[in-house]
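To keep things clear, I will list the structure first and then write my remarks on it.
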Amino acid sequence: MATRAQRVRRRRRPTWSLFTERRKPSEYEVVTHKFHYHFRREPAPFELDPNMPVNRWYLKYREGSPFQVDDWEKFRDPDRLTYRTYTERQREREIYVDNLIDEFEQNDHYAHLSREWVQLLERLYVPSRFSGHVLQMVALYVAQMAPSSYITNAFYFQGANELRRVQRTAYLTKAISLDHYPELADSDRTRRTWEEEEHWQPMRELLEKLLIAYDWGEAFVALNLVVKPAYDALFNGQLAGLARQNGDELLALMADDFDLDSQWTRRFTRALVEYAVEHRPENRGLVQEWVEKWTPLARRAVAGLAPLFAQAPQPVAAEAVVQAVEQQVQAFQNECGLAS
């Protein structure tokens with residue numbers, strides 16, 4: 001018969017071999033903890049020749065990144081999202097947007113939009129399919145390179161949110177074109193705007209340079225502390241206000257809904273910065289250095305598109321747009337504990 005001490009020891013054994021704390025892991029932890037078995041694995045991350053390109057890439061841009069702490073596994077997304085909880089949450093959001101679109105379409109919303117407003121949307125809103133796709137690509141790159149699946153999963157969900165916004169942009173573009181002019185939904189025409197329209201070129205430069213920010217830490221900081229906060233302030237907040245002034249309540253409400261995705265991104269970004277700085281104080285200066293590196297490009301991108309807001313039938317001054325975006329980005333960076 002087992003002694004009392006043996007029974008106590010048996011009860012105190014870890015509930016899961018990968019989880020060292022003496023408690024039952026949550027669903028979030030069970031499906032996330034230590035899935036990146038290859039991080040800091042010797043002599044190379046993956047079971048291939050250490051000189052294979054994939055191993056050299058990870059060793060240089062992940063293990064070799066200056067953005068490090070001793071243990072990334074203790075970081076937690078404040079919302080504790082798993083695939084199940086994420087899809088349940090977003091299903092409700094998608095039902096809301098579907099019902100919103102149905103209601104406005106029953107009232108011939110697109111037909112009531114002015115020709116001048118639709119022409120502005122062609123220049124300002126429709127090309128955001130391209131820019132939004134870049135944000136998705138970079139989020140998925142950070143997910144692929146992150147040192148812990150607690151970080152990876154959050155960025156996969158962020159990438160999915162970007163795809164959601166791009167899909168809705170594509171839908172609205174096609175729907176509006178049916179009531180106005182078919183060229184609005186011409187992808188080649190939109191691509192020419194993205195590649196050649198002078199107002200878009202600073203944004204294109206910013207995003208294409210972001211695509212080659214290979215260090216996982218720099219990519220995270222540039223995307224989530226500089227580029228995306230500015231982009232979302234412009235294409236969610238400022239565009240929603242402009243749409244309301246010009247009788248496009250559907251676009252405004254959809255932008256409001258997408259801002260809920262942005263709020264979640266800001267929550268987990270703030271948590272990740274706080275975790276990195278708490279566990280290695282030198283990271284604060286590194287993060288600030290990267291923020292300062294990417295901020296001028298982001299400001300130029302916003303300043304490049306802001307004049308289009310002033311060309312709407314019911315305009316907003318370009319200077320007001322730039323100032324509002326700058327204030328929102330700065331406020332978020334201050335929340336993350338970064339010097340202004």
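Chains: A, B, ... in order of the structure tokens. Residues: from 1 per chain. Ligands: from 1, in order shown.
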
Self-check item: Surrounding residues of region 63-72 of chain A excluding itself and chain neighbours under 5 positions, 7 Å, only C-alpha atoms, as a PyMOL selection string
Solution: chain A and resi 40+58+147-148+215-217+276+279-280+283

Quiz item: Which residues come within 10 Å of region 294-305 of chain A, counting only C-alpha atoms, excluding same-chain residues fewer than 4 positions away, as JSON, numbers by chain?
Solution: {"A": [123, 124, 198, 199, 200, 201, 202, 203, 204, 205, 206, 207, 209, 210, 218, 221, 222, 223, 225, 226, 227, 228, 229, 230, 231, 233, 234, 289, 290, 309, 310, 318, 319, 321, 322, 323, 325, 326, 329]}

For N, CA and C atoms, I'd like the residues from the last selection saved as a compact mmCIF listing (two decimals), in the first residue's frame.
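Done, and the output landed in result-v7.txt:
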# COMPACT_ATOMS: atom_id res chain seq x y z
N ARG A 123 -9.47 56.23 -55.83
CA ARG A 123 -8.08 56.67 -55.64
C ARG A 123 -7.57 56.40 -54.22
N LEU A 124 -8.47 56.49 -53.23
CA LEU A 124 -8.04 56.42 -51.83
C LEU A 124 -8.29 55.06 -51.20
N GLU A 198 0.88 59.29 -57.48
CA GLU A 198 1.89 59.94 -56.64
C GLU A 198 1.53 59.92 -55.15
N HIS A 199 0.25 60.00 -54.82
CA HIS A 199 -0.14 60.02 -53.42
C HIS A 199 0.12 58.68 -52.73
N TRP A 200 0.16 57.59 -53.50
CA TRP A 200 0.37 56.27 -52.92
C TRP A 200 1.84 55.89 -52.81
N GLN A 201 2.72 56.58 -53.50
CA GLN A 201 4.11 56.11 -53.56
C GLN A 201 4.85 56.12 -52.22
N PRO A 202 4.67 57.11 -51.35
CA PRO A 202 5.31 57.00 -50.03
C PRO A 202 4.82 55.80 -49.23
N MET A 203 3.53 55.48 -49.32
CA MET A 203 3.00 54.31 -48.63
C MET A 203 3.57 53.03 -49.24
N ARG A 204 3.66 53.00 -50.55
CA ARG A 204 4.22 51.80 -51.20
C ARG A 204 5.68 51.62 -50.82
N GLU A 205 6.43 52.72 -50.78
CA GLU A 205 7.83 52.62 -50.36
C GLU A 205 7.94 52.07 -48.94
N LEU A 206 7.13 52.60 -48.03
CA LEU A 206 7.15 52.15 -46.65
C LEU A 206 6.86 50.65 -46.57
N LEU A 207 5.81 50.20 -47.24
CA LEU A 207 5.40 48.82 -47.10
C LEU A 207 6.36 47.85 -47.80
N LYS A 209 9.56 48.34 -48.15
CA LYS A 209 10.73 48.24 -47.27
C LYS A 209 10.42 47.38 -46.06
N LEU A 210 9.19 47.45 -45.59
CA LEU A 210 8.79 46.60 -44.46
C LEU A 210 8.89 45.12 -44.82
N GLU A 218 12.82 43.48 -35.35
CA GLU A 218 12.60 44.73 -36.06
C GLU A 218 11.29 44.69 -36.84
N VAL A 221 8.48 45.32 -34.35
CA VAL A 221 8.42 46.71 -33.89
C VAL A 221 7.95 47.63 -35.02
N ALA A 222 8.53 47.47 -36.21
CA ALA A 222 8.16 48.33 -37.33
C ALA A 222 6.69 48.18 -37.67
N LEU A 223 6.21 46.93 -37.72
CA LEU A 223 4.83 46.69 -38.09
C LEU A 223 3.86 47.14 -37.01
N LEU A 225 4.28 48.72 -33.97
CA LEU A 225 4.44 49.94 -33.19
C LEU A 225 4.49 51.20 -34.04
N VAL A 226 4.68 51.04 -35.36
CA VAL A 226 4.79 52.22 -36.23
C VAL A 226 3.81 52.12 -37.40
N VAL A 227 4.01 51.14 -38.27
CA VAL A 227 3.29 51.11 -39.54
C VAL A 227 1.81 50.83 -39.36
N LYS A 228 1.48 49.75 -38.69
CA LYS A 228 0.07 49.39 -38.55
C LYS A 228 -0.71 50.41 -37.71
N PRO A 229 -0.17 50.92 -36.59
CA PRO A 229 -0.93 51.95 -35.88
C PRO A 229 -1.24 53.17 -36.75
N ALA A 230 -0.27 53.60 -37.57
CA ALA A 230 -0.51 54.74 -38.46
C ALA A 230 -1.51 54.37 -39.55
N TYR A 231 -1.33 53.20 -40.14
CA TYR A 231 -2.22 52.76 -41.23
C TYR A 231 -3.65 52.62 -40.72
N ALA A 233 -5.02 54.02 -38.07
CA ALA A 233 -5.58 55.34 -37.73
C ALA A 233 -6.08 56.04 -38.98
N LEU A 234 -5.39 55.83 -40.10
CA LEU A 234 -5.78 56.46 -41.36
C LEU A 234 -6.97 55.77 -42.00
N GLU A 289 14.91 52.62 -30.73
CA GLU A 289 15.76 52.84 -31.90
C GLU A 289 15.05 52.44 -33.18
N TRP A 290 14.39 51.30 -33.14
CA TRP A 290 13.66 50.85 -34.34
C TRP A 290 12.46 51.75 -34.62
N PHE A 309 -7.90 63.18 -48.80
CA PHE A 309 -9.03 63.46 -47.91
C PHE A 309 -9.58 64.86 -48.18
N ALA A 310 -8.69 65.75 -48.59
CA ALA A 310 -9.11 67.13 -48.87
C ALA A 310 -9.78 67.26 -50.23
N ALA A 318 -5.97 68.13 -45.13
CA ALA A 318 -4.86 67.18 -45.05
C ALA A 318 -4.09 67.33 -43.74
N GLU A 319 -3.88 68.57 -43.31
CA GLU A 319 -3.14 68.81 -42.08
C GLU A 319 -3.85 68.21 -40.87
N VAL A 321 -5.80 65.55 -40.91
CA VAL A 321 -5.64 64.09 -41.00
C VAL A 321 -4.28 63.68 -40.45
N VAL A 322 -3.24 64.35 -40.92
CA VAL A 322 -1.88 64.02 -40.48
C VAL A 322 -1.74 64.18 -38.98
N GLN A 323 -2.27 65.27 -38.45
CA GLN A 323 -2.17 65.54 -37.02
C GLN A 323 -2.91 64.48 -36.21
N VAL A 325 -3.64 61.35 -37.02
CA VAL A 325 -2.93 60.07 -37.08
C VAL A 325 -1.71 60.10 -36.18
N GLU A 326 -0.95 61.20 -36.25
CA GLU A 326 0.26 61.33 -35.43
C GLU A 326 -0.08 61.25 -33.95
N VAL A 329 -0.95 57.56 -32.98
CA VAL A 329 0.23 56.70 -32.95
C VAL A 329 1.08 57.02 -31.72

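For the set A:Asp248, A:Asp188, A:Glu73, A:Asp261, the residue with the smallest atom-to-atom gap to Gly159 (chain A) is A:Asp261, counting only C-alpha atoms.
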
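Distances to Phe104 (chain A) were evaluated for A:Leu260, A:Leu253, A:Cys336, A:Val31 using only C-alpha atoms, and the minimum falls at A:Leu253.
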
With the cut-off set at 8 Å and counting only C-alpha atoms, tabulate each residue of region 115-196 of chain A with an atom at most that distance from an atom of region 74-93 of chain A, showing the nearest atom pair and its distance in Å to one decimal, ordered by chain and increasing number, as JSON lines.
{"residue": "A:Tyr150", "atom": "CA", "partner": "A:Arg76", "partner_atom": "CA", "distance": 6.2}
{"residue": "A:Ile151", "atom": "CA", "partner": "A:Asp77", "partner_atom": "CA", "distance": 7.6}
{"residue": "A:Asn153", "atom": "CA", "partner": "A:Thr82", "partner_atom": "CA", "distance": 7.6}
{"residue": "A:Ala154", "atom": "CA", "partner": "A:Asp77", "partner_atom": "CA", "distance": 7.0}
{"residue": "A:Phe157", "atom": "CA", "partner": "A:Tyr86", "partner_atom": "CA", "distance": 7.5}

Given the selection you just returned, output its residues as a file containing C-alpha atoms, formatted as a JSON list (two decimals), in the first residue's frame.
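Here's the written file result37.json:
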[["chain", "number", "residue", "atom", "x", "y", "z"],
["A", 150, "TYR", "CA", 2.43, 32.34, -27.87],
["A", 151, "ILE", "CA", 3.69, 35.12, -30.15],
["A", 153, "ASN", "CA", -0.44, 32.48, -32.86],
["A", 154, "ALA", "CA", -1.22, 36.12, -32.12],
["A", 157, "PHE", "CA", -4.70, 35.91, -36.03]]

Practice problem: Show which residues sit within 10 Å of Pro313 (chain A), as a PyMOL selection string. Count only C-alpha atoms, and ignore same-chain residues fewer than 2 positions away. | Solution: chain A and resi 114-117+120+242+245-246+309-311+315-316

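Relative to CA of Tyr61 (chain A), CA of Pro43 (chain A) is found at 15.8 Å.
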
Exercise. Give the alpha helix (DSSP H) residues of region 107-182 of chain A, as assigned by DSSP on the backbone, as a ChimeraX atom specification.
Key: /A:115-124,128-145,149-179

Quiz prompt | Distance criterion (only C-alpha atoms): nearest to Arg191 (chain A) out of A:His112, A:Arg129, A:Lys34, A:Arg62 | solution = A:Arg129

Using only C-alpha atoms, determine which residues lie at most 8 Å from region 254-257 of chain A, disregarding the query and same-chain residues fewer than 4 positions distant; provide the list as a short mmCIF file (atom, residue, chain, number, x, y, z; two decimals) with C-alpha atoms, in the first residue's frame.
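This went into result13.cif:
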data_model
loop_
_atom_site.label_atom_id
_atom_site.label_comp_id
_atom_site.auth_asym_id
_atom_site.auth_seq_id
_atom_site.Cartn_x
_atom_site.Cartn_y
_atom_site.Cartn_z
CA ARG A 93 -18.30 39.80 -36.18
CA VAL A 97 -20.99 42.79 -41.11
CA PHE A 235 -7.91 53.70 -42.90
CA ASN A 236 -10.13 52.97 -39.94
CA GLY A 237 -10.50 56.18 -37.92
CA LEU A 239 -11.61 57.15 -43.34
CA ALA A 240 -14.66 56.40 -41.19
CA LEU A 250 -21.83 51.62 -44.58
CA ASP A 261 -9.38 44.08 -34.65
#

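Closest approach to Tyr125 (chain A) among A:Tyr37, A:Trp194, A:Phe46, A:Tyr275 is made by A:Trp194 (distances from only C-alpha atoms).
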
Practice problem: Choose the residue, out of A:Tyr214, A:Phe35, A:Phe130, A:Tyr171, that has the smallest atom-to-atom separation from Leu251 (chain A); count only C-alpha atoms. | Solution: A:Tyr171

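Interatomic distance, CA of Glu105 (chain A) to CA of Thr193 (chain A): 27.5 Å.
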
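Atom pair CA of Gln330 (chain A) / CA of Phe220 (chain A) has a distance of 17.1 Å (rounded to one decimal).
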